[in-house]
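The next block holds one structure in the form of structure tokens; read it before the comments.
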Amino acid sequence: MEWETVIGLEIHAQLATKSKIFSGASTAYGAEPNTQACAVDLGLPGVLPVLNAEVVRMATAFGLAVDAEVAPRSVFARKNYFYPDLPKGYQISQYELPIVKTGKLIIALENGEEKEIGITRAHLEEDAGKSLHEDFAGMTGIDLNRAGTPLLEIVSEPDMRSAKEAVAYMKKIHTLVQYLGICDGNMQEGSFRCDANVSVRPRGELALGTRTEIKNLNSFRFIERAIAFEVERQIDLLETGGEVVQETRLYDPDRDETRSMRSKEEANDYRYFPDPDLLPVEISADFIEKVRLELPELPDIKRQRFVTELGLSAYDAGLLTASRALSEYFEAVLAELEGEAKLVANWVSGELSGRLHKEGLEIAQCPVSASDLAGLLARVVDDTISGKIAKEVFAAMWAGEGSADEIIAAKGLKQITDTGALDALIDEIIAANPNQAEQLRAGKDKLLGYFVGQVMKATQGKANPGMVNQLLKQKLLGSGKHEGSS
Amino acid sequence: MHKMTLAQLARGLHDGEFSSLELTEHFLKRIEQYDEQLNSFITVTGETAREAAKAADARRAQGQAGLLTGLPLAHKDIFNTRGVKTSCGSRMLDNYIAPYDATVVEKMREAGFVMLGKTNMDEFAMGSSNETSFYGPVRNPWHLEYVPGGSSGGSAAAVAARLAPAATGTDTGGSIRQPAALCGVTGLKPTYGRVSRWGMIAFASSLDQGGVFGASAEDCALLLGSMAGFDERDSTSIDRTVEDYQSSLENTLEGLRIGLPKEYFAAGLDAGVAERVHAAIRHYETLGAEIRDISLPNSQLAAPVYYVVAPAECSSNLSRFDGVRFGHRCEDPKDLVDMYMRSRGEGFGDEVKRRIMVGTYALSAGYYDAYYLKAQQVRRLISNDFAAAFDEVDVIMGPTAPSPAFKIGEKSDDPIEMYLSDIYTIAVNLAGLPGMSIPVGEVDGLPVGLQLIGNYWSEARLLNIAHRYQQDTDWHLRMPDVFV
Amino acid sequence: MSLDIEQVEKIAWLARLQIEAEAKADYARNLSDILDFVEQLSRIDTTGVTPMAHPQDLPQRLRADEVTESDQRELFQQVAPAVENGLYLVPKVIE
């Protein structure tokens, strides 16, 4: 039988606020355990929540970015369950009335086609703390610093049909929330993670199969592998006469498998009801308009603009707009090098991104500033150095040896464009290689390259290659006019 | 000194008749002398009280004393008091030293009050007789075999026996008004949102409201003025100016429209109580008020609604007592589940467990609509009844409780019977309205309370109405003989 | 509405309350009485009535996104049953 995979994702994006969703404690990552858990976060007897205005703005911005209706009235509810990292015994979340209603997003498929993925809803909730399982004399340690960190849970429709589509969607949301400035997207620190609902059904069947939920996937690679494993597991089960059990599963990256997470007694009944400590959140049309006006240029629009206005290929535009920070870096370089979009694009998506990737750095940590890179490329544009030499200069800039001009001067890398100096050098080389010169004149064109190589070798690459070509042709073949470099 | 009202004590301090330290010592001595019989306090903070009293005297000597500087007061043990045990009447919090102050505690201290200690209460404010306290029942000062009412029974009894000139309380379904009635003191439950809930341990968040007990309406006016006000830490606190409750106490009642809901005088009301309440209402007629018969047709549904809504909210509010970060943890838990089950099983008493279980059930899958949602719909009908009534009248009057105090143990085996003692007070909380109870007589030596229900934010008017009655009568000034 | 002991056990489990075996019958009776008492609500016609979750018909107030709290771990952990290295300790959580 041929099987079809059906995937829906619940993405949890930590909102990049300074303080928590319901308290004035800091959300900064990495503090000593429980030093950022205030009375409210600890759920001490008698404490009360007050909603952070910023999370409302951020959720509104997200809603607008995915073409969703931002609810004029949404309600916080309590989701009741016991767990040591959940201090109050309930999580404040939104249930029946979420802040963001139905929206949609377009993803690009591998075959170049586009696909619309429906967004069911997005709601605000508080994050839980962390359980640390390393041994404290057989006990588990609880750190509640993360408790109360604002989360936007983005729930998709079961619209994805493969692990790759799921990853494409997740990446798209990842890019979007960073463009909006509402989430730092740091997956290692858990700022951006997802649960995947996976089921399979015979192709052509309309009814959905029984799904399992894979919890807490925090890398694109894990998502792809966890889903792939789970799909295979479910198909194996069904093909051998078994049944898929609706359950929560955990992906173990070390063993590359998913396994059942909850025992039967944990069957949950969350007893949602409106939180009586909080009143309904009301959002006015004026507020929504204000947020709309403040929205940054979104990735799809920017990508389109890079193609139509800057003449970049769709591929380059896609690469450069994959992250807001990268696109802004690109635009900052371009601002100093008007009309050189292609050159800048090649450098940013090539040399620069490659180097960042190799060293595992984010664009924000790049040792070469946009303005420094612009300084380097300006020297390429004005023929001071060749593209090849530019790479050498770039490496030196990366190592912190100074600006492009400083490095070019210090290392004497300036291109030799003085015809007189080259003339003499070329004459010397022709004289030293009479046989090759003879053969070339006799029609063995390939030998022109040999002579270019000799000249470049003698000038340690600093000769302008175009100019060398021209001069050689003039002297050896008596043809070719000086047409400028390149 | 203990026979004086708070207002009189304030004048005495101001005129230098006695110092705050003398006053504080006097009440501490009375607590020591009498509280063994009453059990109205869980914690007495003698040491800090004396220090605070000395500091108050020093401020007075420097001419920096306010109206309330140096007056003693007791807090219900539901309010967090930094550095002092805050038990909420429960074994669960028997070891809990509060790390912060409730807004009410902070504001009243800043106003100059000296805290004498923390008063006994029904466990987590769940009860109408003060018998559910981990610290044992409080006794009614008028008759030691009788209950003081609940849940703020310790506060009511302490004020009635004059072990404290005034005390705070909380009212979720009648927990200030009913014990005020049963102990013969004046009690006020303000409009929901008038007093901050920050630091007040939650029972049912949409119903809980802090309030006060005093010897008179005038005292309650002083107390409310110092505890009310906007608090940005409570999302349900309303940013609205606190009125000067003193200035309107003497206003005329000429033309006041009093509504008597027929449902509050129907079967189930003790005849003696009915007689005393009618007598009080007749007195209002002599003050120029106009009496109108009204109907609150859904009154009989208030208790069933309450016993869905309050348990539902409490089942969730009390989940934080899990033995992880504070409070009782069982000995040697064998695993996580064992820790939860035993810590909570041991930490909570029967009534609390019952209510948590009713609430858990009412919110659980398959029952939510039939219980919780239905109750919230009927709650709206009850609230609408009041809205319609206040189109016609300025204040609603009736009995606070269906009978005077009952005997300790009399109703403790029958939850439903117990729940009916709040039958007249519950609806006020469901709607979020302000209410008062004032003493208007006795039946067989036990006090009877008249309930006054006002429209939203009408505390000043309610205090005025209560005060005018107290100007002409002395029920509120009577004291049980034993404690004179 | 009458609850049996098995239902009482299920509710007690959801609420994480240990109920002594000999007390379960009493709980079943008391809880059944309470549910019978509130059962009268089912007879009321509430068609079209908006549920009233709260006495205030007001929107939620919002606070500015500012860090106003500082570290009080030492104070807060004084009332904790078990802590080590700043962590709250609980019996091992198995996932």
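Just remember, in the structure tokens the first chain shown is A, the second B, etc., residues are 1-based per chain, and ligands are 1-based in the order shown.
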From a backbone DSSP assignment, name each residue in region 80-137 of chain B labelled helix (DSSP H, G or I), as JSON, numbers by chain.
{"B": [91, 92, 93, 103, 104, 105, 106, 107, 108, 109, 110, 123, 124, 125]}
Keeping only N, CA and C atoms, write those residues as a PDB file, in the first residue's frame.
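Result file follows (result08.pdb):
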```pdb
ATOM      1  N   ARG B  91      -2.550  23.008  58.067  1.00  0.00           N
ATOM      2  CA  ARG B  91      -1.309  22.300  58.348  1.00  0.00           C
ATOM      3  C   ARG B  91      -0.335  22.492  57.192  1.00  0.00           C
ATOM      4  N   MET B  92      -0.905  22.637  55.986  1.00  0.00           N
ATOM      5  CA  MET B  92      -0.073  22.806  54.794  1.00  0.00           C
ATOM      6  C   MET B  92       0.925  23.940  54.968  1.00  0.00           C
ATOM      7  N   LEU B  93       0.504  25.024  55.637  1.00  0.00           N
ATOM      8  CA  LEU B  93       1.377  26.189  55.770  1.00  0.00           C
ATOM      9  C   LEU B  93       1.811  26.423  57.218  1.00  0.00           C
ATOM     10  N   THR B 103      -0.451  43.542  50.181  1.00  0.00           N
ATOM     11  CA  THR B 103      -0.667  44.986  50.015  1.00  0.00           C
ATOM     12  C   THR B 103      -1.467  45.551  51.190  1.00  0.00           C
ATOM     13  N   VAL B 104      -2.481  44.823  51.609  1.00  0.00           N
ATOM     14  CA  VAL B 104      -3.311  45.278  52.742  1.00  0.00           C
ATOM     15  C   VAL B 104      -2.439  45.467  53.986  1.00  0.00           C
ATOM     16  N   VAL B 105      -1.553  44.526  54.231  1.00  0.00           N
ATOM     17  CA  VAL B 105      -0.674  44.596  55.413  1.00  0.00           C
ATOM     18  C   VAL B 105       0.261  45.802  55.293  1.00  0.00           C
ATOM     19  N   GLU B 106       0.804  45.950  54.097  1.00  0.00           N
ATOM     20  CA  GLU B 106       1.731  47.055  53.852  1.00  0.00           C
ATOM     21  C   GLU B 106       1.034  48.409  54.017  1.00  0.00           C
ATOM     22  N   LYS B 107      -0.131  48.525  53.389  1.00  0.00           N
ATOM     23  CA  LYS B 107      -0.841  49.811  53.438  1.00  0.00           C
ATOM     24  C   LYS B 107      -1.263  50.168  54.863  1.00  0.00           C
ATOM     25  N   MET B 108      -1.735  49.174  55.605  1.00  0.00           N
ATOM     26  CA  MET B 108      -2.228  49.471  56.953  1.00  0.00           C
ATOM     27  C   MET B 108      -1.059  49.773  57.894  1.00  0.00           C
ATOM     28  N   ARG B 109       0.080  49.139  57.651  1.00  0.00           N
ATOM     29  CA  ARG B 109       1.244  49.479  58.457  1.00  0.00           C
ATOM     30  C   ARG B 109       1.684  50.911  58.152  1.00  0.00           C
ATOM     31  N   GLU B 110       1.686  51.231  56.856  1.00  0.00           N
ATOM     32  CA  GLU B 110       2.064  52.595  56.484  1.00  0.00           C
ATOM     33  C   GLU B 110       1.092  53.625  57.046  1.00  0.00           C
ATOM     34  N   GLU B 123      -9.818  26.689  57.477  1.00  0.00           N
ATOM     35  CA  GLU B 123      -8.690  26.340  56.623  1.00  0.00           C
ATOM     36  C   GLU B 123      -8.900  26.870  55.199  1.00  0.00           C
ATOM     37  N   PHE B 124      -7.940  27.667  54.734  1.00  0.00           N
ATOM     38  CA  PHE B 124      -7.999  28.293  53.415  1.00  0.00           C
ATOM     39  C   PHE B 124      -9.327  29.023  53.185  1.00  0.00           C
ATOM     40  N   ALA B 125      -9.904  29.507  54.283  1.00  0.00           N
ATOM     41  CA  ALA B 125     -11.153  30.293  54.248  1.00  0.00           C
ATOM     42  C   ALA B 125     -12.360  29.464  53.823  1.00  0.00           C
TER      43      ALA B 125
END
```
Run DSSP on the backbone and tell me which residues of region 107-221 of chain A come out as strand (DSSP E or B); list them as a CSV table (one decimal) with N, CA, C and O atoms, in the first residue's frame.
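What landed in selection.csv:
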```
chain,number,residue,atom,x,y,z
A,107,ILE,N,5.2,28.3,1.7
A,107,ILE,CA,6.6,27.7,1.8
A,107,ILE,C,7.0,27.3,0.4
A,107,ILE,O,6.2,27.0,-0.5
A,108,ALA,N,8.3,27.3,0.2
A,108,ALA,CA,8.8,26.9,-1.1
A,108,ALA,C,9.2,25.4,-1.0
A,108,ALA,O,9.9,25.0,0.0
A,114,GLU,N,5.4,26.3,-4.9
A,114,GLU,CA,5.1,26.9,-3.6
A,114,GLU,C,3.9,26.2,-3.0
A,114,GLU,O,3.1,25.6,-3.7
A,115,LYS,N,3.8,26.2,-1.7
A,115,LYS,CA,2.6,25.5,-1.0
A,115,LYS,C,2.1,26.4,0.2
A,115,LYS,O,3.0,26.9,0.9
A,116,GLU,N,0.8,26.5,0.3
A,116,GLU,CA,0.3,27.3,1.4
A,116,GLU,C,0.1,26.3,2.6
A,116,GLU,O,-0.5,25.3,2.5
A,117,ILE,N,0.6,26.8,3.8
A,117,ILE,CA,0.3,26.0,5.0
A,117,ILE,C,-0.6,26.9,5.9
A,117,ILE,O,-0.3,28.0,6.1
A,118,GLY,N,-1.7,26.2,6.3
A,118,GLY,CA,-2.6,27.0,7.2
A,118,GLY,C,-2.1,27.1,8.6
A,118,GLY,O,-1.5,26.1,9.1
A,119,ILE,N,-2.4,28.2,9.2
A,119,ILE,CA,-2.1,28.4,10.6
A,119,ILE,C,-3.4,28.4,11.4
A,119,ILE,O,-4.3,29.3,11.1
A,120,THR,N,-3.6,27.5,12.2
A,120,THR,CA,-4.9,27.3,12.9
A,120,THR,C,-5.1,28.5,13.9
A,120,THR,O,-6.2,29.0,14.0
A,121,ARG,N,-4.0,28.8,14.6
A,121,ARG,CA,-4.1,29.8,15.7
A,121,ARG,C,-2.7,30.0,16.2
A,121,ARG,O,-1.8,29.2,16.0
A,122,ALA,N,-2.6,31.1,17.0
A,122,ALA,CA,-1.4,31.3,17.8
A,122,ALA,C,-1.8,31.9,19.1
A,122,ALA,O,-2.7,32.8,19.1
A,123,HIS,N,-1.4,31.4,20.2
A,123,HIS,CA,-1.8,31.9,21.5
A,123,HIS,C,-0.6,32.1,22.4
A,123,HIS,O,0.5,31.6,22.2
A,124,LEU,N,-0.9,33.0,23.4
A,124,LEU,CA,0.1,33.4,24.4
A,124,LEU,C,0.1,32.4,25.6
A,124,LEU,O,-1.0,32.0,26.0
A,125,GLU,N,1.2,32.1,26.1
A,125,GLU,CA,1.2,31.3,27.3
A,125,GLU,C,2.6,31.5,28.0
A,125,GLU,O,3.5,32.1,27.5
A,126,GLU,N,2.7,30.9,29.2
A,126,GLU,CA,3.9,31.0,30.0
A,126,GLU,C,4.7,29.7,29.9
A,126,GLU,O,4.1,28.7,29.8
A,130,LYS,N,12.7,24.2,34.4
A,130,LYS,CA,13.5,23.1,33.9
A,130,LYS,C,13.8,22.1,35.0
A,130,LYS,O,14.1,22.5,36.1
A,131,SER,N,13.7,20.8,34.7
A,131,SER,CA,14.0,19.8,35.6
A,131,SER,C,15.5,19.4,35.2
A,131,SER,O,15.7,19.1,34.1
A,132,LEU,N,16.3,19.3,36.2
A,132,LEU,CA,17.7,18.9,35.9
A,132,LEU,C,17.9,17.5,36.5
A,132,LEU,O,17.8,17.3,37.7
A,133,HIS,N,18.2,16.6,35.6
A,133,HIS,CA,18.1,15.2,36.1
A,133,HIS,C,19.5,14.7,36.6
A,133,HIS,O,19.5,13.5,37.0
A,134,GLU,N,20.5,15.5,36.5
A,134,GLU,CA,21.8,14.9,37.0
A,134,GLU,C,21.6,14.7,38.5
A,134,GLU,O,20.7,15.3,39.1
A,135,ASP,N,22.3,13.8,39.0
A,135,ASP,CA,22.0,13.2,40.3
A,135,ASP,C,22.3,14.2,41.5
A,135,ASP,O,23.4,14.7,41.7
A,136,PHE,N,21.2,14.4,42.2
A,136,PHE,CA,21.4,15.1,43.5
A,136,PHE,C,21.0,14.1,44.6
A,136,PHE,O,19.9,14.1,45.1
A,139,MET,N,17.8,12.7,43.6
A,139,MET,CA,16.7,13.6,43.4
A,139,MET,C,16.9,14.4,42.1
A,139,MET,O,18.0,14.4,41.5
A,140,THR,N,15.8,15.0,41.7
A,140,THR,CA,15.8,15.9,40.5
A,140,THR,C,15.9,17.4,41.0
A,140,THR,O,15.2,17.7,42.0
A,141,GLY,N,16.7,18.2,40.4
A,141,GLY,CA,16.7,19.6,40.7
A,141,GLY,C,15.8,20.4,39.8
A,141,GLY,O,15.7,20.2,38.7
A,142,ILE,N,15.2,21.4,40.4
A,142,ILE,CA,14.2,22.3,39.7
A,142,ILE,C,14.7,23.7,39.6
A,142,ILE,O,15.0,24.3,40.7
A,143,ASP,N,14.9,24.2,38.4
A,143,ASP,CA,15.3,25.6,38.2
A,143,ASP,C,14.1,26.3,37.5
A,143,ASP,O,13.7,25.9,36.5
A,150,PRO,N,7.6,34.4,28.3
A,150,PRO,CA,6.4,34.4,27.4
A,150,PRO,C,6.7,33.5,26.2
A,150,PRO,O,7.8,33.5,25.6
A,151,LEU,N,5.7,32.8,25.8
A,151,LEU,CA,5.7,31.9,24.6
A,151,LEU,C,4.6,32.3,23.7
A,151,LEU,O,3.5,32.6,24.2
A,152,LEU,N,4.9,32.3,22.4
A,152,LEU,CA,3.8,32.3,21.4
A,152,LEU,C,3.7,30.9,20.9
A,152,LEU,O,4.7,30.4,20.3
A,153,GLU,N,2.6,30.2,21.1
A,153,GLU,CA,2.5,28.9,20.5
A,153,GLU,C,1.7,29.0,19.2
A,153,GLU,O,0.6,29.5,19.1
A,154,ILE,N,2.4,28.6,18.1
A,154,ILE,CA,1.9,28.7,16.7
A,154,ILE,C,1.5,27.3,16.3
A,154,ILE,O,2.3,26.5,16.1
A,155,VAL,N,0.2,27.2,16.1
A,155,VAL,CA,-0.3,25.9,15.7
A,155,VAL,C,-0.7,25.8,14.2
A,155,VAL,O,-1.5,26.7,13.8
A,156,SER,N,-0.1,24.9,13.5
A,156,SER,CA,-0.4,24.8,12.1
A,156,SER,C,-1.6,23.8,11.8
A,156,SER,O,-1.9,23.0,12.7
A,160,MET,N,1.2,19.5,6.1
A,160,MET,CA,2.5,19.1,5.6
A,160,MET,C,2.5,17.6,5.3
A,160,MET,O,1.9,16.9,6.0
A,192,PHE,N,13.3,28.5,20.5
A,192,PHE,CA,12.4,28.2,19.4
A,192,PHE,C,12.4,26.7,19.3
A,192,PHE,O,13.4,26.1,19.0
A,193,ARG,N,11.3,26.1,19.5
A,193,ARG,CA,11.2,24.6,19.5
A,193,ARG,C,9.8,24.2,19.1
A,193,ARG,O,8.9,25.0,19.0
A,194,CYS,N,9.6,22.9,18.8
A,194,CYS,CA,8.3,22.5,18.3
A,194,CYS,C,7.9,21.1,18.7
A,194,CYS,O,8.8,20.3,19.1
A,195,ASP,N,6.6,20.9,18.7
A,195,ASP,CA,6.1,19.5,18.9
A,195,ASP,C,5.5,19.2,17.5
A,195,ASP,O,4.8,20.0,16.9
A,196,ALA,N,5.7,18.0,17.1
A,196,ALA,CA,5.2,17.6,15.8
A,196,ALA,C,4.1,16.5,15.9
A,196,ALA,O,4.2,15.5,16.6
A,197,ASN,N,2.9,16.8,15.3
A,197,ASN,CA,1.8,15.8,15.3
A,197,ASN,C,2.0,15.0,14.0
A,197,ASN,O,1.9,15.6,12.9
A,198,VAL,N,2.2,13.7,14.1
A,198,VAL,CA,2.4,12.9,12.9
A,198,VAL,C,1.4,11.8,12.8
A,198,VAL,O,1.2,11.1,13.7
A,199,SER,N,0.9,11.6,11.5
A,199,SER,CA,0.1,10.4,11.3
A,199,SER,C,0.3,10.0,9.8
A,199,SER,O,0.9,10.7,9.0
A,200,VAL,N,-0.1,8.8,9.5
A,200,VAL,CA,-0.1,8.3,8.1
A,200,VAL,C,-1.5,7.8,7.8
A,200,VAL,O,-2.3,7.4,8.6
A,201,ARG,N,-1.7,7.8,6.5
A,201,ARG,CA,-3.0,7.2,6.0
A,201,ARG,C,-2.7,6.7,4.6
A,201,ARG,O,-1.8,7.1,3.9
A,202,PRO,N,-3.5,5.7,4.2
A,202,PRO,CA,-3.4,5.2,2.8
A,202,PRO,C,-3.6,6.4,1.8
A,202,PRO,O,-4.5,7.2,2.1
A,212,THR,N,0.5,10.6,16.6
A,212,THR,CA,1.3,10.7,17.8
A,212,THR,C,1.9,12.1,17.8
A,212,THR,O,2.0,12.8,16.8
A,213,GLU,N,2.3,12.5,19.0
A,213,GLU,CA,2.8,13.9,19.2
A,213,GLU,C,4.3,13.7,19.6
A,213,GLU,O,4.5,13.1,20.7
A,214,ILE,N,5.2,14.2,18.8
A,214,ILE,CA,6.6,14.1,19.2
A,214,ILE,C,7.0,15.5,19.9
A,214,ILE,O,6.8,16.5,19.3
A,215,LYS,N,7.4,15.4,21.1
A,215,LYS,CA,7.6,16.6,21.9
A,215,LYS,C,9.0,17.2,21.8
A,215,LYS,O,10.0,16.5,21.6
A,216,ASN,N,9.0,18.5,22.0
A,216,ASN,CA,10.3,19.2,22.2
A,216,ASN,C,11.4,19.0,21.3
A,216,ASN,O,12.5,18.6,21.7
A,217,LEU,N,11.1,19.3,20.0
A,217,LEU,CA,12.2,19.1,19.0
A,217,LEU,C,12.9,20.5,18.9
A,217,LEU,O,12.2,21.5,18.6
```
Select all residues from chain A having any atom no more than 7 Å from an atom of chain B (counting only C-alpha atoms, ignoring ligands), output as a ChimeraX atom specification.
/A:43,45-50,80,84,87-89,269,271,276-278
Write out the residues from the selection above, keeping N, CA, C and O atoms, as a compact mmCIF listing (two decimals), in the first residue's frame.
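Below is the file part.txt, written as the result:
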```txt
# COMPACT_ATOMS: atom_id res chain seq x y z
N GLY A 43 5.03 31.05 42.18
CA GLY A 43 3.66 30.74 42.59
C GLY A 43 3.52 30.74 44.10
O GLY A 43 2.81 29.92 44.67
N PRO A 45 2.12 31.61 47.73
CA PRO A 45 0.72 31.85 48.11
C PRO A 45 0.43 33.36 48.08
O PRO A 45 1.20 34.15 48.61
N GLY A 46 -0.66 33.74 47.42
CA GLY A 46 -1.08 35.14 47.42
C GLY A 46 -0.60 36.00 46.28
O GLY A 46 -0.99 37.15 46.18
N VAL A 47 0.24 35.47 45.39
CA VAL A 47 0.74 36.31 44.30
C VAL A 47 -0.25 36.33 43.14
O VAL A 47 -1.11 35.46 43.03
N LEU A 48 -0.12 37.34 42.29
CA LEU A 48 -1.06 37.53 41.18
C LEU A 48 -0.31 37.91 39.91
O LEU A 48 0.72 38.57 39.97
N PRO A 49 -0.86 37.53 38.75
CA PRO A 49 -0.23 37.86 37.48
C PRO A 49 -0.72 39.20 36.92
O PRO A 49 -1.89 39.54 37.08
N VAL A 50 0.18 39.94 36.28
CA VAL A 50 -0.23 41.13 35.51
C VAL A 50 0.44 41.01 34.14
O VAL A 50 1.64 40.75 34.04
N ASN A 80 -4.56 22.88 33.87
CA ASN A 80 -4.20 22.32 35.17
C ASN A 80 -3.52 20.96 35.05
O ASN A 80 -4.08 20.03 34.47
N PRO A 84 6.71 19.12 38.59
CA PRO A 84 7.53 19.95 39.48
C PRO A 84 8.06 21.24 38.85
O PRO A 84 8.32 22.19 39.57
N PRO A 87 5.15 25.64 38.58
CA PRO A 87 5.03 26.02 39.99
C PRO A 87 3.61 26.13 40.52
O PRO A 87 3.35 25.77 41.66
N LYS A 88 2.67 26.62 39.76
CA LYS A 88 1.34 26.84 40.31
C LYS A 88 0.44 25.62 40.20
O LYS A 88 -0.67 25.61 40.70
N GLY A 89 0.93 24.60 39.50
CA GLY A 89 0.05 23.45 39.25
C GLY A 89 -0.88 23.74 38.09
O GLY A 89 -1.79 22.97 37.80
N ASP A 269 -6.23 15.29 32.08
CA ASP A 269 -7.49 15.99 31.93
C ASP A 269 -7.16 17.39 32.44
O ASP A 269 -7.07 17.61 33.64
N ARG A 271 -8.56 20.28 32.52
CA ARG A 271 -9.56 21.11 33.23
C ARG A 271 -9.36 22.61 32.97
O ARG A 271 -9.26 23.43 33.89
N PRO A 276 -9.33 33.40 36.64
CA PRO A 276 -10.06 34.50 37.30
C PRO A 276 -9.16 35.62 37.81
O PRO A 276 -9.65 36.65 38.25
N ASP A 277 -7.84 35.42 37.73
CA ASP A 277 -6.92 36.49 38.14
C ASP A 277 -6.66 37.47 36.99
O ASP A 277 -5.99 38.49 37.19
N LEU A 278 -7.09 37.11 35.80
CA LEU A 278 -6.82 37.93 34.62
C LEU A 278 -8.12 38.21 33.89
O LEU A 278 -9.00 37.36 33.83
```
Taking a cut-off of 7 Å and counting only C-alpha atoms, can you build a table that, for each residue of chain A near chain C, reports the nearest atom pair and how far apart they are in Å (one decimal), sorted by chain then residue number, as CSV?
```
residue,atom,partner,partner_atom,distance
A:Thr17,CA,C:Asp65,CA,6.8
A:Lys18,CA,C:Asp65,CA,6.2
A:Ser19,CA,C:Val67,CA,5.1
A:Gly24,CA,C:Val67,CA,4.7
A:Ala25,CA,C:Glu69,CA,4.9
A:Ser26,CA,C:Val67,CA,5.5
A:Pro33,CA,C:Gly86,CA,5.8
A:Asn34,CA,C:Arg73,CA,6.2
A:Thr35,CA,C:Asp71,CA,4.9
A:Gln36,CA,C:Asp71,CA,6.0
A:Cys38,CA,C:Glu69,CA,6.6
A:Val50,CA,C:Arg63,CA,6.6
A:Leu51,CA,C:Leu62,CA,5.1
A:Asn52,CA,C:Arg63,CA,5.0
A:Ala53,CA,C:Leu62,CA,5.0
A:Glu54,CA,C:Asp65,CA,5.9
A:Gly138,CA,C:Lys92,CA,6.2
A:Met139,CA,C:Lys92,CA,4.6
A:Thr140,CA,C:Lys92,CA,4.8
A:Gly141,CA,C:Leu89,CA,4.7
A:Ile142,CA,C:Tyr88,CA,4.9
A:Asp143,CA,C:Leu87,CA,5.6
A:Met261,CA,C:Glu95,CA,6.1
A:Pro274,CA,C:Ala53,CA,7.0
A:Pro276,CA,C:His54,CA,6.5
A:Leu278,CA,C:Gln60,CA,6.4
A:Leu279,CA,C:Gln60,CA,4.5
A:Pro280,CA,C:Pro59,CA,5.2
A:Val281,CA,C:Gln60,CA,5.1
A:Glu282,CA,C:Pro59,CA,5.8
```
Would you save the residues of that selection, restricted to C-alpha atoms, as an mmCIF file, in the first residue's frame?
```
data_model
loop_
_atom_site.group_PDB
_atom_site.id
_atom_site.type_symbol
_atom_site.label_atom_id
_atom_site.label_comp_id
_atom_site.auth_asym_id
_atom_site.auth_seq_id
_atom_site.Cartn_x
_atom_site.Cartn_y
_atom_site.Cartn_z
ATOM 1 C CA THR A 17 10.771 40.596 26.030
ATOM 2 C CA LYS A 18 12.915 41.973 28.832
ATOM 3 C CA SER A 19 10.593 40.763 31.580
ATOM 4 C CA GLY A 24 8.786 41.798 36.402
ATOM 5 C CA ALA A 25 11.535 39.152 36.582
ATOM 6 C CA SER A 26 14.211 39.128 33.893
ATOM 7 C CA PRO A 33 19.367 28.660 39.064
ATOM 8 C CA ASN A 34 16.287 30.321 40.546
ATOM 9 C CA THR A 35 17.839 33.780 40.719
ATOM 10 C CA GLN A 36 15.367 35.024 38.130
ATOM 11 C CA CYS A 38 10.406 36.016 41.568
ATOM 12 C CA VAL A 50 -0.230 41.126 35.514
ATOM 13 C CA LEU A 51 0.146 40.913 31.739
ATOM 14 C CA ASN A 52 3.192 42.349 29.945
ATOM 15 C CA ALA A 53 2.085 44.839 27.257
ATOM 16 C CA GLU A 54 4.942 43.863 24.976
ATOM 17 C CA GLY A 138 18.796 10.431 43.644
ATOM 18 C CA MET A 139 16.740 13.622 43.444
ATOM 19 C CA THR A 140 15.843 15.907 40.543
ATOM 20 C CA GLY A 141 16.734 19.601 40.744
ATOM 21 C CA ILE A 142 14.240 22.250 39.681
ATOM 22 C CA ASP A 143 15.284 25.583 38.188
ATOM 23 C CA MET A 261 6.758 9.262 27.008
ATOM 24 C CA PRO A 274 -10.844 31.111 32.363
ATOM 25 C CA PRO A 276 -10.065 34.497 37.300
ATOM 26 C CA LEU A 278 -6.818 37.928 34.621
ATOM 27 C CA LEU A 279 -9.439 39.772 32.602
ATOM 28 C CA PRO A 280 -10.029 39.453 28.855
ATOM 29 C CA VAL A 281 -7.361 41.051 26.657
ATOM 30 C CA GLU A 282 -8.923 43.643 24.403
#
```
Need the shell around Ser216 (chain B): protein/DNA/RNA residues with any atom at most 9 Å away, counting only C-alpha atoms. Skip same-chain ones fewer than 5 positions apart. Format as a list in words?
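So, after excluding close chain neighbours, the residues are Thr5, Leu6, Ala7, Val185, Thr186, Gly187, Ala221, Ile438, Ala466, His467, Gln470, His476 and Leu477 of chain B.
The gap separating CA of Arg354 (chain B) from CA of Gly435 (chain B) is 27.8 Å, in Å to one decimal.
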Neighbouring residues of Leu477 (chain A) were defined as those with any atom within 10 Å, considering only C-alpha atoms; residues of the same chain fewer than 3 positions away were excluded. Please report them as a PyMOL selection string.
chain A and resi 437+440-443+445+448+471-474+480
